[in-house]
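Right, one structure below, let's go through it.
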Amino acid sequence: EVVAMLNGIRDAGSPATADKVTTILVRCFNYACEQGFLDVNPLAGIRRGKSEPRDRALRDDEVRAVWRGLAGSDMHRSTALALKLILATGQRPGEVAGLAWSEIDADVWTIPAARAKSGRAHRVPLSALALDLLAEARDVGGDSTYAFPSPRSTDDRPMDRHSLSRAVARNLERFGTAAWTPHDLRRTMRTGL
């Protein structure tokens, strides 16, 4: 049953997700064995696939099309600004989505260790473009603690990073490019550097 499920995920075009699900299931069954709920892990011997690392970076003409498309999209203005800031700074979508105003000091953004994937705080110098995007985000977000507040929440919380992916998927045809994800914007900036 598990192999059929994992093959279904792979066949749907998500080999990396199938690998992650495999890892999680193996850990769950290992835990069940450790706790005495099972004698043997039924997934022992199931190996992760060899998924290819993602390497999509947008071409220059695609970057222009995306930048223009974000202005004319139906997504919330904060979402479009967050996507532009990912491209302008090369930071991870989750780090941008959760950006608190307290992390900005003049022209430097300090991402705290608790929010950084590496577990270490790091400083991001902000270009004039990034500062302009943040100024616009402040106008849109009002008095929120966050640069990109959740547009659907009544309390003060940051945008969910998954809402960036959903917004891109909803508007993909508008951009006139091959499929891309918010993380591809980070990769595009880093590749360009």
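Residue numbering restarts at 1 for every chain of the structure tokens, chains are lettered A, B, ... in their displayed order, and ligands are numbered from 1 as they appear.
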With 9 Å as the cut-off and only C-alpha atoms counted, what is the closest atom pair between each nearby residue of stretch 85-106 of chain A and stretch 156-175 of chain A? Distances in Å to one decimal, ordered by chain and number, as CSV.
residue,atom,partner,partner_atom,distance
A:Pro93,CA,A:Arg161,CA,6.1
A:Gly94,CA,A:Arg161,CA,5.0
A:Glu95,CA,A:Arg161,CA,8.3
A:Val96,CA,A:Arg161,CA,8.2
A:Ala97,CA,A:Met159,CA,5.4
A:Gly98,CA,A:Pro158,CA,5.2
A:Leu99,CA,A:Pro158,CA,7.5
A:Ala100,CA,A:Pro158,CA,8.0
Who sits within 10 Å of A:Ala116, only C-alpha atoms, same chain under 4 positions skipped, as an NGL selection string: :A and (91-92 or 94-95 or 110-112 or 120-122)
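Residue neighbourhood of A:Asp107, excluding near-sequence residues (fewer than 3 positions): Ile104, Thr110, Val124, Pro125, Leu126, Ser127, Ala128, Ala130 and Leu131 of chain A, at 10 Å, using only C-alpha atoms.
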Written file, previous selection with C-alpha atoms, as a PDB file, in the first residue's frame:
ATOM      1  CA  ILE A 104      14.995  46.139   9.650  1.00  0.00           C
ATOM      2  CA  THR A 110      18.784  40.910  10.192  1.00  0.00           C
ATOM      3  CA  VAL A 124      21.022  41.059   4.459  1.00  0.00           C
ATOM      4  CA  PRO A 125      22.149  44.393   3.002  1.00  0.00           C
ATOM      5  CA  LEU A 126      19.155  46.065   1.370  1.00  0.00           C
ATOM      6  CA  SER A 127      19.526  47.683  -2.041  1.00  0.00           C
ATOM      7  CA  ALA A 128      17.627  50.816  -3.044  1.00  0.00           C
ATOM      8  CA  ALA A 130      14.576  46.420  -1.794  1.00  0.00           C
ATOM      9  CA  LEU A 131      14.075  49.532   0.348  1.00  0.00           C
TER      10      LEU A 131
END
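Interatomic distance, atom CA of A:Ala18 to atom CA of A:Leu43: 13.9 Å.
Interatomic distance, atom CA of A:Met5 to atom CA of A:Leu38: 21.2 Å.
Across the structure, atom CA of A:Arg187 and atom CA of A:Glu62 are spaced 13.5 Å apart.
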Just the residues within 9 Å of stretch 19-28 of chain A, please, counting only C-alpha atoms, with nothing from its chain fewer than 5 positions along; format it as a compact mmCIF listing (two decimals) with all heavy atoms, in the first residue's frame.
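And here's part30.txt as it stands now:
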# COMPACT_ATOMS: atom_id res chain seq x y z
N VAL A 2 1.93 1.24 0.80
CA VAL A 2 2.81 2.41 0.88
C VAL A 2 3.53 2.60 -0.44
O VAL A 2 3.63 3.73 -0.94
CB VAL A 2 3.80 2.27 2.05
CG1 VAL A 2 4.86 3.37 2.00
CG2 VAL A 2 3.08 2.32 3.38
N LEU A 6 3.41 5.91 -2.72
CA LEU A 6 4.63 6.65 -3.09
C LEU A 6 4.79 6.71 -4.60
O LEU A 6 5.17 7.75 -5.16
CB LEU A 6 5.86 6.02 -2.45
CG LEU A 6 5.91 6.10 -0.92
CD1 LEU A 6 7.08 5.28 -0.38
CD2 LEU A 6 5.98 7.53 -0.45
N ARG A 10 5.04 10.01 -7.05
CA ARG A 10 6.09 10.17 -8.08
C ARG A 10 5.47 10.35 -9.46
O ARG A 10 5.89 11.19 -10.24
CB ARG A 10 7.03 8.97 -8.07
CG ARG A 10 8.05 9.01 -6.99
CD ARG A 10 9.11 7.92 -7.13
NE ARG A 10 9.94 7.92 -5.96
CZ ARG A 10 9.69 7.24 -4.84
NH1 ARG A 10 8.62 6.47 -4.77
NH2 ARG A 10 10.50 7.33 -3.82
N SER A 14 5.91 14.54 -8.56
CA SER A 14 6.48 15.09 -7.33
C SER A 14 7.43 14.11 -6.66
O SER A 14 7.19 13.65 -5.54
CB SER A 14 5.35 15.46 -6.36
OG SER A 14 4.50 16.42 -6.91
N CYS A 33 8.01 1.20 16.63
CA CYS A 33 8.78 0.04 17.08
C CYS A 33 9.46 0.34 18.42
O CYS A 33 9.45 -0.50 19.34
CB CYS A 33 9.82 -0.36 16.04
SG CYS A 33 9.12 -1.06 14.53
N ASN A 41 9.46 -2.74 11.72
CA ASN A 41 9.08 -1.62 10.84
C ASN A 41 8.70 -2.20 9.48
O ASN A 41 9.54 -2.75 8.78
CB ASN A 41 10.24 -0.64 10.70
CG ASN A 41 9.89 0.57 9.85
OD1 ASN A 41 8.94 0.56 9.08
ND2 ASN A 41 10.69 1.62 9.98
N PRO A 42 7.42 -2.08 9.08
CA PRO A 42 7.02 -2.65 7.79
C PRO A 42 7.65 -1.94 6.60
O PRO A 42 7.61 -2.45 5.49
CB PRO A 42 5.49 -2.48 7.79
CG PRO A 42 5.22 -1.38 8.75
CD PRO A 42 6.32 -1.44 9.78
N LEU A 43 8.26 -0.79 6.83
CA LEU A 43 8.89 -0.06 5.74
C LEU A 43 10.41 -0.26 5.70
O LEU A 43 11.09 0.38 4.89
CB LEU A 43 8.58 1.44 5.83
CG LEU A 43 7.10 1.81 5.79
CD1 LEU A 43 6.95 3.32 5.76
CD2 LEU A 43 6.42 1.19 4.61
N ALA A 44 10.93 -1.13 6.56
CA ALA A 44 12.36 -1.39 6.54
C ALA A 44 12.74 -1.86 5.14
O ALA A 44 12.10 -2.70 4.54
CB ALA A 44 12.72 -2.46 7.57
N ILE A 46 12.68 0.04 2.42
CA ILE A 46 12.18 0.94 1.38
C ILE A 46 13.17 2.10 1.27
O ILE A 46 13.50 2.75 2.25
CB ILE A 46 10.76 1.47 1.69
CG1 ILE A 46 9.76 0.34 1.53
CG2 ILE A 46 10.41 2.63 0.77
CD1 ILE A 46 8.33 0.76 1.67
N ARG A 47 13.63 2.32 0.08
CA ARG A 47 14.63 3.37 -0.15
C ARG A 47 13.98 4.59 -0.80
O ARG A 47 13.03 4.47 -1.55
CB ARG A 47 15.73 2.83 -1.06
CG ARG A 47 16.61 1.83 -0.36
CD ARG A 47 17.80 1.50 -1.25
NE ARG A 47 18.85 0.80 -0.58
CZ ARG A 47 18.81 -0.46 -0.22
NH1 ARG A 47 17.72 -1.16 -0.42
NH2 ARG A 47 19.83 -1.04 0.37
N ARG A 48 14.59 5.71 -0.50
CA ARG A 48 14.16 6.94 -1.15
C ARG A 48 14.61 6.89 -2.60
O ARG A 48 15.61 6.27 -2.94
CB ARG A 48 14.80 8.14 -0.48
CG ARG A 48 14.25 8.38 0.92
CD ARG A 48 14.94 9.51 1.59
NE ARG A 48 14.93 10.69 0.75
CZ ARG A 48 15.41 11.86 1.14
NH1 ARG A 48 15.92 12.01 2.31
NH2 ARG A 48 15.36 12.89 0.32
N GLY A 49 13.86 7.57 -3.45
CA GLY A 49 14.22 7.65 -4.86
C GLY A 49 15.37 8.61 -5.06
O GLY A 49 15.88 9.22 -4.13
N LYS A 50 15.78 8.73 -6.27
CA LYS A 50 16.86 9.65 -6.63
C LYS A 50 16.25 10.85 -7.32
O LYS A 50 16.29 10.97 -8.53
CB LYS A 50 17.85 8.96 -7.58
CG LYS A 50 18.52 7.76 -6.97
CD LYS A 50 19.68 8.22 -6.14
CE LYS A 50 20.46 6.99 -5.70
NZ LYS A 50 21.48 7.28 -4.76
N SER A 51 15.62 11.74 -6.55
CA SER A 51 15.02 12.92 -7.16
C SER A 51 16.10 13.91 -7.54
O SER A 51 17.10 14.06 -6.84
CB SER A 51 14.00 13.56 -6.21
OG SER A 51 14.61 13.97 -5.03
Just the alpha helix (DSSP H) stuff from stretch 78-165 of chain A, please, per backbone DSSP, written as an mmCIF file with C-alpha atoms, in the first residue's frame.
data_model
loop_
_atom_site.group_PDB
_atom_site.id
_atom_site.type_symbol
_atom_site.label_atom_id
_atom_site.label_comp_id
_atom_site.auth_asym_id
_atom_site.auth_seq_id
_atom_site.Cartn_x
_atom_site.Cartn_y
_atom_site.Cartn_z
ATOM 1 C CA SER A 78 1.433 42.387 -0.283
ATOM 2 C CA THR A 79 1.880 39.015 -1.972
ATOM 3 C CA ALA A 80 3.202 40.598 -5.164
ATOM 4 C CA LEU A 81 5.586 42.785 -3.153
ATOM 5 C CA ALA A 82 6.851 39.788 -1.168
ATOM 6 C CA LEU A 83 7.590 37.921 -4.405
ATOM 7 C CA LYS A 84 9.495 40.928 -5.737
ATOM 8 C CA LEU A 85 11.473 41.161 -2.492
ATOM 9 C CA ILE A 86 12.490 37.497 -2.800
ATOM 10 C CA LEU A 87 13.927 38.289 -6.211
ATOM 11 C CA ALA A 88 15.553 41.535 -5.027
ATOM 12 C CA THR A 89 17.218 40.001 -1.939
ATOM 13 C CA PRO A 93 10.189 32.718 0.665
ATOM 14 C CA GLY A 94 9.442 31.831 4.294
ATOM 15 C CA GLU A 95 11.969 34.369 5.572
ATOM 16 C CA VAL A 96 10.479 37.109 3.397
ATOM 17 C CA ALA A 97 6.865 36.193 4.231
ATOM 18 C CA ALA A 128 17.627 50.816 -3.044
ATOM 19 C CA LEU A 129 15.132 48.578 -4.890
ATOM 20 C CA ALA A 130 14.576 46.420 -1.794
ATOM 21 C CA LEU A 131 14.075 49.532 0.348
ATOM 22 C CA ASP A 132 11.535 50.893 -2.171
ATOM 23 C CA LEU A 133 9.625 47.598 -2.053
ATOM 24 C CA LEU A 134 9.609 47.702 1.749
ATOM 25 C CA ALA A 135 8.376 51.306 1.750
ATOM 26 C CA GLU A 136 5.506 50.261 -0.496
ATOM 27 C CA ALA A 137 4.836 47.257 1.764
ATOM 28 C CA ARG A 138 4.584 49.591 4.763
ATOM 29 C CA ASP A 139 1.949 51.642 2.942
ATOM 30 C CA VAL A 140 -0.037 48.512 2.074
ATOM 31 C CA GLY A 141 0.341 46.808 5.473
ATOM 32 C CA ARG A 161 4.693 31.311 2.934
ATOM 33 C CA HIS A 162 2.490 28.758 1.164
ATOM 34 C CA SER A 163 0.174 31.566 0.049
ATOM 35 C CA LEU A 164 3.028 32.788 -2.163
ATOM 36 C CA SER A 165 3.112 29.462 -4.044
#
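Among the candidates A:Arg77, A:Asp60, A:Trp67, A:Trp180, the one nearest to A:Ser150 when counting only C-alpha atoms is A:Arg77.
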Sel. of strand (DSSP E or B) residues, stretch 66-137 of chain A, as number ranges by chain: A: 100, 104-105, 108-111, 122-125
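Around A:Asp39, within 10 Å and counting only C-alpha atoms, the residues found are A:Phe29, A:Asn30, A:Ala32, A:Cys33, A:Glu34, once anything fewer than 5 positions away on its own chain is removed.
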Write a file of the selected residues as an mmCIF file, in the first residue's frame, keeping C-alpha atoms.
data_model
loop_
_atom_site.group_PDB
_atom_site.id
_atom_site.type_symbol
_atom_site.label_atom_id
_atom_site.label_comp_id
_atom_site.auth_asym_id
_atom_site.auth_seq_id
_atom_site.Cartn_x
_atom_site.Cartn_y
_atom_site.Cartn_z
ATOM 1 C CA PHE A 29 7.236 3.375 12.037
ATOM 2 C CA ASN A 30 10.666 3.405 13.735
ATOM 3 C CA ALA A 32 6.221 2.851 16.792
ATOM 4 C CA CYS A 33 8.782 0.039 17.084
ATOM 5 C CA GLU A 34 10.751 1.909 19.768
#
